[in-house]
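Asker: Next up, run-v5.cif (mmCIF, C-alpha atoms).
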data_input
#
loop_
_atom_site.label_atom_id
_atom_site.label_comp_id
_atom_site.auth_asym_id
_atom_site.auth_seq_id
_atom_site.Cartn_x
_atom_site.Cartn_y
_atom_site.Cartn_z
CA MET A 722 8.58 -30.02 8.13
CA ASP A 723 8.68 -31.15 11.74
CA PHE A 724 7.52 -28.69 14.35
CA THR A 725 9.13 -28.53 17.75
CA GLU A 726 6.80 -28.87 20.73
CA GLU A 727 7.22 -25.21 21.37
CA GLN A 728 6.18 -24.37 17.81
CA ILE A 729 3.11 -26.58 18.03
CA GLU A 730 2.06 -24.65 21.10
CA ARG A 731 3.05 -21.23 19.77
CA TYR A 732 1.14 -21.68 16.52
CA SER A 733 -1.70 -23.84 17.87
CA ARG A 734 -4.40 -21.25 17.08
CA HIS A 735 -3.22 -21.19 13.48
CA ILE A 736 -2.75 -24.91 13.13
CA ILE A 737 -6.28 -25.56 14.36
CA LEU A 738 -7.73 -23.44 11.53
CA PRO A 739 -8.65 -25.72 8.62
CA GLU A 740 -7.50 -23.01 6.16
CA VAL A 741 -4.05 -22.90 7.75
CA GLY A 742 -3.28 -26.19 9.46
CA GLY A 743 0.18 -27.63 9.90
CA LYS A 744 0.76 -27.29 6.18
CA GLY A 745 -0.03 -23.60 6.16
CA GLN A 746 2.03 -22.92 9.25
CA ALA A 747 4.96 -24.67 7.59
CA LYS A 748 4.43 -22.39 4.56
CA LEU A 749 4.59 -19.35 6.82
CA LEU A 750 7.78 -20.59 8.47
CA GLY A 751 9.25 -21.03 5.00
CA ALA A 752 8.03 -17.66 3.70
CA LYS A 753 10.08 -14.54 3.08
CA VAL A 754 8.30 -11.22 3.44
CA PHE A 755 9.85 -7.79 2.97
CA ALA A 756 8.58 -4.54 4.45
CA LEU A 757 9.66 -1.14 3.22
CA GLY A 758 9.56 1.19 6.20
CA ALA A 759 9.59 0.44 9.91
CA GLY A 760 7.27 3.34 10.62
CA GLY A 761 3.56 3.66 11.32
CA LEU A 762 2.45 0.93 8.93
CA GLY A 763 5.56 -1.23 9.14
CA SER A 764 5.37 -1.42 12.93
CA PRO A 765 2.10 -3.35 13.32
CA ALA A 766 2.58 -5.23 10.05
CA LEU A 767 6.02 -6.48 11.07
CA MET A 768 4.86 -7.47 14.54
CA TYR A 769 1.96 -9.56 13.23
CA LEU A 770 4.10 -11.14 10.52
CA ALA A 771 6.65 -12.05 13.19
CA ALA A 772 4.00 -13.38 15.56
CA ALA A 773 2.58 -15.47 12.69
CA GLY A 774 5.95 -17.13 12.26
CA VAL A 775 6.97 -15.79 8.86
CA GLY A 776 10.38 -17.40 8.60
CA LYS A 777 12.30 -14.53 7.13
CA ILE A 778 11.39 -10.88 7.39
CA GLY A 779 13.31 -8.12 5.67
CA VAL A 780 12.90 -4.48 6.62
CA ALA A 781 14.48 -1.37 5.18
CA ASP A 782 14.43 2.11 6.70
CA ALA A 783 17.10 4.79 6.84
CA ASP A 784 15.72 6.68 9.85
CA ALA A 785 16.35 6.52 13.58
CA VAL A 786 13.61 6.35 16.20
CA ASP A 787 12.34 9.80 17.19
CA LEU A 788 10.10 10.68 20.12
CA SER A 789 7.42 11.95 17.69
CA ASN A 790 7.27 8.48 16.09
CA LEU A 791 6.04 6.74 19.23
CA GLN A 792 2.46 8.03 18.90
CA ARG A 793 1.97 5.35 16.22
CA GLN A 794 5.15 3.36 15.53
CA ILE A 795 4.53 0.70 18.14
CA ILE A 796 7.41 -1.60 17.24
CA HIS A 797 9.70 1.01 18.86
CA ASN A 798 9.70 2.38 22.40
CA ASN A 799 11.11 5.06 24.68
CA THR A 800 14.39 3.26 25.27
CA ARG A 801 15.13 3.11 21.52
CA ILE A 802 15.07 6.83 20.74
CA GLY A 803 18.04 7.57 18.49
CA VAL A 804 18.47 3.89 17.53
CA PRO A 805 18.14 3.01 13.83
CA LYS A 806 14.52 1.96 13.26
CA VAL A 807 15.50 -1.30 11.60
CA GLU A 808 17.64 -2.26 14.61
CA SER A 809 14.81 -1.40 16.99
CA ALA A 810 12.37 -3.38 14.82
CA LYS A 811 14.72 -6.35 14.72
CA GLN A 812 15.01 -6.36 18.49
CA THR A 813 11.23 -6.32 18.97
CA ILE A 814 10.78 -9.10 16.43
CA ASN A 815 13.48 -11.24 18.03
CA GLU A 816 11.87 -10.81 21.43
CA LEU A 817 8.46 -11.65 20.00
CA ASN A 818 9.41 -14.76 18.09
CA PRO A 819 12.85 -16.41 17.90
CA ASP A 820 11.73 -18.45 14.87
CA VAL A 821 12.02 -15.37 12.66
CA GLU A 822 15.21 -14.44 10.85
CA VAL A 823 15.44 -10.68 10.31
CA GLU A 824 17.33 -8.86 7.60
CA ALA A 825 17.65 -5.26 8.75
CA ILE A 826 18.67 -2.78 6.05
CA ASN A 827 19.54 0.62 7.49
CA LYS A 828 19.49 2.63 4.28
CA ARG A 829 17.25 4.21 1.73
CA LEU A 830 16.27 2.03 -1.19
CA THR A 831 17.22 3.53 -4.52
CA VAL A 832 17.24 2.73 -8.22
CA ASP A 833 20.59 1.07 -7.67
CA ASN A 834 19.76 -1.33 -4.85
CA ILE A 835 16.02 -1.91 -4.65
CA ARG A 836 15.65 -4.76 -7.13
CA GLU A 837 18.44 -6.74 -5.58
CA VAL A 838 17.08 -6.16 -2.08
CA ILE A 839 13.58 -7.49 -2.85
CA ARG A 840 14.64 -10.28 -5.20
CA ASP A 841 14.88 -12.97 -2.53
CA TYR A 842 11.43 -12.25 -1.03
CA ASP A 843 8.01 -13.74 -1.85
CA VAL A 844 5.79 -10.83 -0.83
CA ILE A 845 6.60 -7.12 -0.50
CA LEU A 846 4.86 -4.63 1.80
CA ASP A 847 5.07 -0.91 1.15
CA GLY A 848 4.67 1.30 4.21
CA SER A 849 6.86 4.13 3.00
CA ASP A 850 6.13 7.78 3.71
CA ASN A 851 6.59 9.39 0.33
CA PHE A 852 5.41 9.08 -3.27
CA PRO A 853 8.77 8.76 -5.05
CA THR A 854 9.55 5.66 -3.00
CA ARG A 855 6.08 4.25 -3.65
CA PHE A 856 6.54 4.57 -7.41
CA LEU A 857 10.04 3.16 -7.19
CA MET A 858 8.83 0.14 -5.24
CA ASN A 859 5.89 -0.41 -7.59
CA ASP A 860 8.17 -0.42 -10.60
CA ALA A 861 10.75 -2.64 -8.87
CA CYS A 862 8.06 -5.16 -7.92
CA PHE A 863 6.78 -5.19 -11.50
CA PHE A 864 10.22 -5.90 -12.92
CA GLU A 865 10.96 -8.50 -10.22
CA LYS A 866 7.46 -10.02 -10.55
CA LYS A 867 6.56 -9.66 -6.88
CA PRO A 868 3.12 -8.96 -5.39
CA LEU A 869 3.12 -5.57 -3.63
CA VAL A 870 0.86 -5.15 -0.61
CA SER A 871 0.56 -1.40 -0.49
CA GLY A 872 -0.66 0.57 2.51
CA SER A 873 -0.83 4.32 2.93
CA MET A 874 -2.44 6.80 5.25
CA PHE A 875 -2.98 10.47 5.84
CA ARG A 876 -4.81 12.24 8.66
CA PHE A 877 -7.85 9.94 9.11
CA ASP A 878 -7.78 8.15 5.77
CA GLY A 879 -6.10 4.95 4.72
CA GLN A 880 -5.78 2.91 1.54
CA VAL A 881 -4.75 -0.72 1.03
CA ALA A 882 -4.28 -2.61 -2.22
CA ILE A 883 -2.26 -5.39 -3.77
CA PHE A 884 -0.50 -4.37 -6.95
CA SER A 885 0.61 -7.19 -9.19
CA GLY A 886 1.00 -5.67 -12.64
CA HIS A 887 3.25 -8.47 -13.88
CA GLU A 888 0.18 -10.74 -13.83
CA ASP A 889 -2.36 -10.73 -16.65
CA ASP A 890 -5.35 -8.54 -15.81
CA LYS A 891 -3.93 -7.36 -12.47
CA PRO A 892 -3.21 -3.66 -12.05
CA CYS A 893 -0.08 -1.96 -10.75
CA TYR A 894 0.08 1.26 -8.71
CA ARG A 895 0.42 3.27 -11.94
CA CYS A 896 -2.88 1.88 -13.28
CA LEU A 897 -4.48 3.62 -10.29
CA TYR A 898 -2.19 6.67 -10.06
CA PRO A 899 -0.05 7.10 -13.19
CA GLU A 900 2.44 9.55 -11.66
CA PRO A 901 3.50 11.12 -8.38
CA PRO A 902 1.83 14.46 -7.63
CA PRO A 903 3.99 17.48 -8.44
CA VAL A 904 6.62 18.35 -5.88
CA GLY A 905 5.97 21.49 -3.85
CA LEU A 906 2.18 21.36 -3.91
CA VAL A 907 2.07 18.93 -1.04
CA PRO A 908 1.64 19.53 2.68
CA SER A 909 4.15 17.61 4.78
CA CYS A 910 3.11 14.71 6.99
CA GLN A 911 4.45 16.65 9.93
CA GLU A 912 2.20 19.62 9.21
CA ALA A 913 -0.83 17.52 8.33
CA GLY A 914 -0.80 14.91 11.10
CA VAL A 915 -2.13 11.39 11.24
CA LEU A 916 -4.27 9.50 13.73
CA GLY A 917 -1.88 7.05 15.37
CA ALA A 918 -4.28 4.15 15.68
CA LEU A 919 -5.09 4.43 11.96
CA ALA A 920 -1.62 3.01 11.33
CA GLY A 921 -2.72 -0.12 13.18
CA VAL A 922 -5.80 -0.57 11.01
CA ILE A 923 -3.95 -0.18 7.73
CA GLY A 924 -0.70 -1.93 8.69
CA VAL A 925 -2.55 -4.93 10.07
CA LEU A 926 -4.66 -5.18 6.90
CA GLN A 927 -1.36 -5.35 5.01
CA ALA A 928 -0.18 -8.16 7.28
CA VAL A 929 -3.46 -10.04 6.79
CA GLU A 930 -3.15 -9.79 3.01
CA ALA A 931 0.52 -10.82 3.06
CA ILE A 932 -0.27 -13.88 5.18
CA LYS A 933 -3.18 -14.82 2.88
CA LEU A 934 -0.90 -14.54 -0.14
CA VAL A 935 1.64 -16.85 1.50
CA LEU A 936 -1.10 -19.32 2.37
CA SER A 937 -2.98 -18.91 -0.94
CA ILE A 938 -6.30 -18.63 0.87
CA GLY A 939 -9.37 -16.45 0.49
CA ASP A 940 -9.96 -13.54 -1.87
CA ASP A 941 -7.01 -11.19 -2.04
CA LEU A 942 -7.02 -7.46 -2.78
CA LYS A 943 -5.41 -7.82 -6.20
CA GLY A 944 -7.50 -5.69 -8.52
CA HIS A 945 -9.07 -3.78 -5.65
CA LEU A 946 -8.45 -0.73 -3.53
CA MET A 947 -9.72 -0.72 0.05
CA ILE A 948 -10.42 2.76 1.28
CA PHE A 949 -10.83 3.35 5.01
CA ASP A 950 -12.33 6.48 6.52
CA ALA A 951 -11.66 6.50 10.25
CA LEU A 952 -13.87 9.52 10.99
CA GLY A 953 -16.83 8.09 9.09
CA MET A 954 -15.80 4.57 10.22
CA SER A 955 -16.39 3.08 6.82
CA PHE A 956 -14.56 0.77 4.45
CA ARG A 957 -15.14 0.98 0.71
CA LYS A 958 -13.80 -1.66 -1.65
CA VAL A 959 -13.33 -0.38 -5.18
CA LYS A 960 -12.44 -2.30 -8.30
CA VAL A 961 -9.19 -1.33 -10.05
CA ARG A 962 -8.63 -2.82 -13.48
CA LYS A 963 -5.39 -3.15 -15.32
CA ASP A 964 -5.07 -0.09 -17.53
CA PRO A 965 -4.14 -1.21 -21.05
CA ASN A 966 -2.56 2.24 -21.47
CA CYS A 967 -0.45 1.96 -18.31
CA ALA A 968 3.09 3.19 -18.97
CA LEU A 969 4.53 0.36 -16.88
CA CYS A 970 2.35 -2.74 -17.25
CA GLY A 971 0.12 -1.79 -20.21
CA ASP A 972 0.12 -3.09 -23.77
CA SER A 973 2.63 -0.58 -25.11
CA ALA A 974 4.58 0.22 -21.97
CA THR A 975 7.14 3.01 -22.17
CA ILE A 976 8.81 2.49 -18.79
CA LYS A 977 11.52 -0.07 -19.31
CA GLU A 978 13.69 0.63 -16.29
CA LEU A 979 13.56 2.18 -12.84
CA THR A 980 13.42 5.95 -12.50
CA GLU A 981 13.86 8.05 -9.41
CA TYR A 982 11.45 10.88 -8.75
CA GLU A 983 12.16 13.93 -6.70
CA GLN A 984 11.32 13.66 -3.07
CA ALA A 985 7.85 14.92 -2.20
CA THR A 986 5.81 14.52 0.94
CA CYS A 987 2.82 12.43 1.79
CA GLU A 988 -0.36 13.69 0.18
CA PHE A 989 -1.37 15.94 -2.59
CA ASN A 990 -4.33 17.88 -1.39
CA PRO A 991 -6.36 19.29 -4.27
CA ALA A 992 -9.12 21.80 -3.71
CA ASP A 993 -12.14 20.34 -2.01
CA VAL A 994 -14.94 19.28 -4.31
CA MET B 850 -28.80 14.74 -15.81
CA LYS B 851 -28.47 13.71 -12.20
CA ILE B 852 -25.37 12.12 -10.67
CA LYS B 853 -23.98 11.72 -7.20
CA ILE B 854 -20.47 12.98 -6.53
CA ASN B 855 -18.69 12.55 -3.21
CA GLY B 856 -22.03 11.73 -1.64
CA GLU B 857 -23.82 14.81 -2.94
CA ASP B 858 -26.52 14.95 -5.60
CA LYS B 859 -25.60 17.11 -8.56
CA THR B 860 -27.25 18.00 -11.84
CA ILE B 861 -24.82 18.24 -14.73
CA ALA B 862 -24.98 18.72 -18.50
CA ASP B 863 -25.41 15.71 -20.78
CA GLY B 864 -22.51 14.33 -22.78
CA LEU B 865 -19.69 15.22 -20.40
CA THR B 866 -16.54 13.13 -20.21
CA ILE B 867 -14.93 12.52 -16.82
CA SER B 868 -12.30 15.06 -17.74
CA MET B 869 -14.89 17.72 -18.60
CA LEU B 870 -16.77 16.98 -15.39
CA LEU B 871 -13.61 17.54 -13.34
CA ASP B 872 -13.04 20.83 -15.16
CA ASP B 873 -16.63 21.94 -14.59
CA LEU B 874 -16.37 21.18 -10.90
CA ASN B 875 -12.95 22.83 -10.63
CA ILE B 876 -11.30 19.65 -9.45
CA LYS B 877 -7.58 19.59 -10.16
CA LYS B 878 -6.59 16.49 -12.05
CA VAL B 879 -3.36 15.70 -10.27
CA GLY B 880 -3.10 13.49 -7.22
CA ILE B 881 -6.53 11.90 -7.62
CA ALA B 882 -8.23 8.85 -9.06
CA VAL B 883 -11.86 8.83 -10.16
CA GLU B 884 -14.21 6.11 -9.03
CA VAL B 885 -17.47 5.56 -10.90
CA ASN B 886 -19.94 3.05 -9.49
CA ARG B 887 -17.32 1.39 -7.29
CA GLU B 888 -14.76 1.07 -10.05
CA ILE B 889 -11.70 3.20 -10.80
CA VAL B 890 -11.80 4.71 -14.28
CA PRO B 891 -8.18 4.77 -15.55
CA LYS B 892 -6.86 8.29 -15.81
CA THR B 893 -5.67 7.59 -19.36
CA THR B 894 -9.33 7.27 -20.43
CA HIS B 895 -10.79 10.33 -18.65
CA ASP B 896 -10.93 12.17 -21.95
CA LYS B 897 -13.10 9.49 -23.54
CA VAL B 898 -15.29 7.96 -20.85
CA LEU B 899 -18.69 9.62 -20.59
CA VAL B 900 -20.58 10.32 -17.40
CA ASN B 901 -23.95 8.56 -17.34
CA GLU B 902 -27.24 9.35 -15.66
CA GLY B 903 -27.29 8.06 -12.10
CA ASP B 904 -23.52 7.51 -11.85
CA VAL B 905 -22.16 7.49 -8.33
CA ILE B 906 -18.76 9.17 -8.50
CA GLU B 907 -16.10 9.51 -5.84
CA ILE B 908 -12.88 11.46 -6.11
CA VAL B 909 -10.22 9.30 -4.48
CA ARG B 910 -7.21 11.21 -3.24
CA MET B 911 -3.71 9.86 -3.41
CA VAL B 912 -2.48 9.12 0.07
CA GLY B 913 1.21 8.58 0.61
CA GLY B 914 1.99 8.53 4.32
CA GLY B 915 3.29 5.51 6.11
#
Can I see the file as structure tokens?
Answerer:
Amino acid sequence: MDFTEEQIERYSRHIILPEVGGKGQAKLLGAKVFALGAGGLGSPALMYLAAAGVGKIGVADADAVDLSNLQRQIIHNNTRIGVPKVESAKQTINELNPDVEVEAINKRLTVDNIREVIRDYDVILDGSDNFPTRFLMNDACFFEKKPLVSGSMFRFDGQVAIFSGHEDDKPCYRCLYPEPPPVGLVPSCQEAGVLGALAGVIGVLQAVEAIKLVLSIGDDLKGHLMIFDALGMSFRKVKVRKDPNCALCGDSATIKELTEYEQATCEFNPADV
Amino acid sequence: MKIKINGEDKTIADGLTISMLLDDLNIKKVGIAVEVNREIVPKTTHDKVLVNEGDVIEIVRMVGGG
């Protein structure tokens, strides 16, 4: 592809990297990345994907911007309160980089629409705020054969992984956590709180992994879980193998189609050890 | 035998499976994954996999916020 002069300047710090180069930048401009959620994790992830020149970015979120979001959801701002999050996100992305085409989906993804929505994309990011949606997206990505860059956070803790259960020897979300925690035993995100800047750490790690997948460079997080502890300021990288008994991607899988779980909130909090 | 769990040294009985260890320590089995020596042990095998001397175990909690 031919870059415009403006693009050569805009992406010069990428193009100069041997691992990226003009070829890699062209890959990014041709890439399609989808983010579920324009919230805490989606905000920084979307902004860095846009800045990197990912050619098409899809984002789905059914919520509108609320004042209590702005402590961490930095793609939005004071003037956007009450505006659908995907519209606010689209505006920020357009202002950041006109090279990016944005598909803004202002609704909840369900069993009925999720596969079709993600089908056209190369890489999927999950920054959703509840377990049922996380399981739904994991299963949808498995059936559509898409790599899922998963990020999640709670209070001061974050987790990042790439689930790719459709590949031989790569785990899916269910290999790590077979089922959502029971509804009703879970404190709500609102009650529990989250450190705003933690969203930046985790969301940006998702963007880094998505960009590496597009570029096919480095070691990706497939088969690993990265656990971040903001209070202890430590990262721990743990191996996650494909579970041969996994109900979705294992040898004798029992899940053959998408199922919708009841809505629960953001962390199950078992008794302390 | 001696193991380390969530950063703390513990002495436990020999011959325990992961599942039995969780029961002994009163750890509820929902909403967690178990990491042994930097590797997740699939939940579907917790009834079979034995805890070994010197294992470093971490209980990883499911986190779902975004």
Asker: Using all atoms listed in the file, which residues sit within 10 Å of stretch 864-875 of chain B once same-chain residues fewer than 3 positions away are excluded, as a list in words?
Answerer: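 Once the adjacent positions are removed, what remains is Pro991, Ala992, Asp993 and Val994 of chain A; Met850, Ile861, Lys878, Val883, Val885, Val890, Lys892, Thr894, His895, Asp896, Lys897, Val898, Leu899, Val900, Asn901, Glu902, Ile906 and Ile908 of chain B.
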Asker: Go ahead and write the residues just picked, C-alpha atoms, as a compact mmCIF listing (two decimals), in the coordinates of the input.
Answerer:
# COMPACT_ATOMS: atom_id res chain seq x y z
CA PRO A 991 -6.36 19.29 -4.27
CA ALA A 992 -9.12 21.80 -3.71
CA ASP A 993 -12.14 20.34 -2.01
CA VAL A 994 -14.94 19.28 -4.31
CA MET B 850 -28.80 14.74 -15.81
CA ILE B 861 -24.82 18.24 -14.73
CA LYS B 878 -6.59 16.49 -12.05
CA VAL B 883 -11.86 8.83 -10.16
CA VAL B 885 -17.47 5.56 -10.90
CA VAL B 890 -11.80 4.71 -14.28
CA LYS B 892 -6.86 8.29 -15.81
CA THR B 894 -9.33 7.27 -20.43
CA HIS B 895 -10.79 10.33 -18.65
CA ASP B 896 -10.93 12.17 -21.95
CA LYS B 897 -13.10 9.49 -23.54
CA VAL B 898 -15.29 7.96 -20.85
CA LEU B 899 -18.69 9.62 -20.59
CA VAL B 900 -20.58 10.32 -17.40
CA ASN B 901 -23.95 8.56 -17.34
CA GLU B 902 -27.24 9.35 -15.66
CA ILE B 906 -18.76 9.17 -8.50
CA ILE B 908 -12.88 11.46 -6.11
Asker: Mind running chain B against chain A at 9 Å and telling me each contacting residue's nearest atom pair with the distance in Å (one decimal), counting all atoms listed in the file, chain and number ascending, as a tab-separated table?
Answerer:
residue	atom	partner	partner_atom	distance
B:Ile854	CA	A:Val994	CA	8.7
B:Asn855	CA	A:Val994	CA	7.8
B:Leu874	CA	A:Val994	CA	7.0
B:Asn875	CA	A:Val994	CA	7.5
B:Ile876	CA	A:Val994	CA	6.3
B:Lys877	CA	A:Pro991	CA	6.0
B:Lys878	CA	A:Pro991	CA	8.3
B:Val879	CA	A:Pro902	CA	6.0
B:Gly880	CA	A:Pro902	CA	5.0
B:Ile881	CA	A:Tyr898	CA	7.2
B:Ala882	CA	A:Tyr898	CA	6.5
B:Glu884	CA	A:Val959	CA	7.6
B:Asn886	CA	A:Val959	CA	8.6
B:Arg887	CA	A:Val959	CA	4.8
B:Glu888	CA	A:Lys960	CA	4.4
B:Ile889	CA	A:Val961	CA	5.2
B:Val890	CA	A:Val961	CA	7.8
B:Pro891	CA	A:Asp964	CA	6.1
B:Lys892	CA	A:Pro899	CA	7.4
B:Thr893	CA	A:Asn966	CA	6.5
B:Thr894	CA	A:Asn966	CA	8.5
B:Ile908	CA	A:Val994	CA	8.3
B:Val909	CA	A:Ile948	CA	8.7
B:Arg910	CA	A:Asn990	CA	7.5
B:Met911	CA	A:Glu988	CA	6.2
B:Val912	CA	A:Glu988	CA	5.0
B:Gly913	CA	A:Cys987	CA	4.3
B:Gly914	CA	A:Asp850	CA	4.3
B:Gly915	CA	A:Asp850	CA	4.4
Asker: Report the distance between atom CA of A:Asp860 and atom CA of A:Ala781 in Å, rounded to one decimal place.
Answerer: 17.0 Å
Asker: Tell me, in Å to one decimal, how far atom CA of A:Tyr982 is from atom CA of A:Leu916.
Answerer: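 Straight-line distance from atom CA of A:Tyr982 to atom CA of A:Leu916 works out to 27.5 Å.
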Asker: Could you list, as a VMD selection string, every residue matched by the PyMOL selection byres ((chain A and resi 818-828) around 8) in this structure?
Answerer: chain A and resid 750 771 to 772 774 to 784 805 to 808 811 814 to 817 829 to 830
Asker: Using the chain letters and numbers from the file, give me the residues hit by the PyMOL selection byres ((chain B and resi 853) around 8), as a list in words.
Answerer: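 Written out, the selection comes to Lys851, Ile852, Ile854, Asn855, Gly856, Glu857, Asp858, Lys859, Gly903, Asp904, Val905 and Ile906 of chain B.
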Asker: Could you state the separation of atom CA of A:Phe877 and atom CA of A:Leu770 in Å, given to one decimal place?
Answerer: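 We find that atom CA of A:Phe877 and atom CA of A:Leu770 lie 24.3 Å from each other.
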Asker: Tell me, as a PyMOL selection string, which residues lie within 8 Å of A:Ile802, counting all atoms listed in the file; anything in the same chain fewer than 3 positions away does not count.
Answerer: chain A and resi 785-788+798-799
Asker: Pick from A:Lys744, A:Phe956, A:Gly917, A:Met722: nearest to A:Arg793, with all atoms listed in the file counted?
Answerer: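 Checking each candidate against A:Arg793, we get A:Gly917 as the closest.
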Asker: Please identify all polymer residues within 12 Å of stretch 734-740 of chain A, counting only C-alpha atoms, omitting same-chain residues fewer than 6 positions from it, and present them as a list in words.
Answerer: Phe724, Gln728, Gln746, Ala747, Lys748, Leu749, Ala772, Ala773, Gly774, Ile932, Lys933, Val935, Leu936, Ser937, Ile938 and Gly939 of chain A
Asker: Write a file of the selected residues as a PDB file, keeping the file's coordinate frame, keeping C-alpha atoms.
Answerer:
ATOM      1  CA  PHE A 724       7.520 -28.690  14.350  1.00  0.00           C
ATOM      2  CA  GLN A 728       6.180 -24.370  17.810  1.00  0.00           C
ATOM      3  CA  GLN A 746       2.030 -22.920   9.250  1.00  0.00           C
ATOM      4  CA  ALA A 747       4.960 -24.670   7.590  1.00  0.00           C
ATOM      5  CA  LYS A 748       4.430 -22.390   4.560  1.00  0.00           C
ATOM      6  CA  LEU A 749       4.590 -19.350   6.820  1.00  0.00           C
ATOM      7  CA  ALA A 772       4.000 -13.380  15.560  1.00  0.00           C
ATOM      8  CA  ALA A 773       2.580 -15.470  12.690  1.00  0.00           C
ATOM      9  CA  GLY A 774       5.950 -17.130  12.260  1.00  0.00           C
ATOM     10  CA  ILE A 932      -0.270 -13.880   5.180  1.00  0.00           C
ATOM     11  CA  LYS A 933      -3.180 -14.820   2.880  1.00  0.00           C
ATOM     12  CA  VAL A 935       1.640 -16.850   1.500  1.00  0.00           C
ATOM     13  CA  LEU A 936      -1.100 -19.320   2.370  1.00  0.00           C
ATOM     14  CA  SER A 937      -2.980 -18.910  -0.940  1.00  0.00           C
ATOM     15  CA  ILE A 938      -6.300 -18.630   0.870  1.00  0.00           C
ATOM     16  CA  GLY A 939      -9.370 -16.450   0.490  1.00  0.00           C
TER      17      GLY A 939
END
Asker: Specify the axis-aligned box that encloses all atoms of stretch 783-791 of chain A listed in the file after padding of 3 Å on each side, stating its centre and edge lengths in Å to one decimal as lines of an AutoDock Vina configuration file.
Answerer:
center_x = 11.6
center_y = 8.4
center_z = 13.5
size_x = 17.1
size_y = 13.2
size_z = 19.3
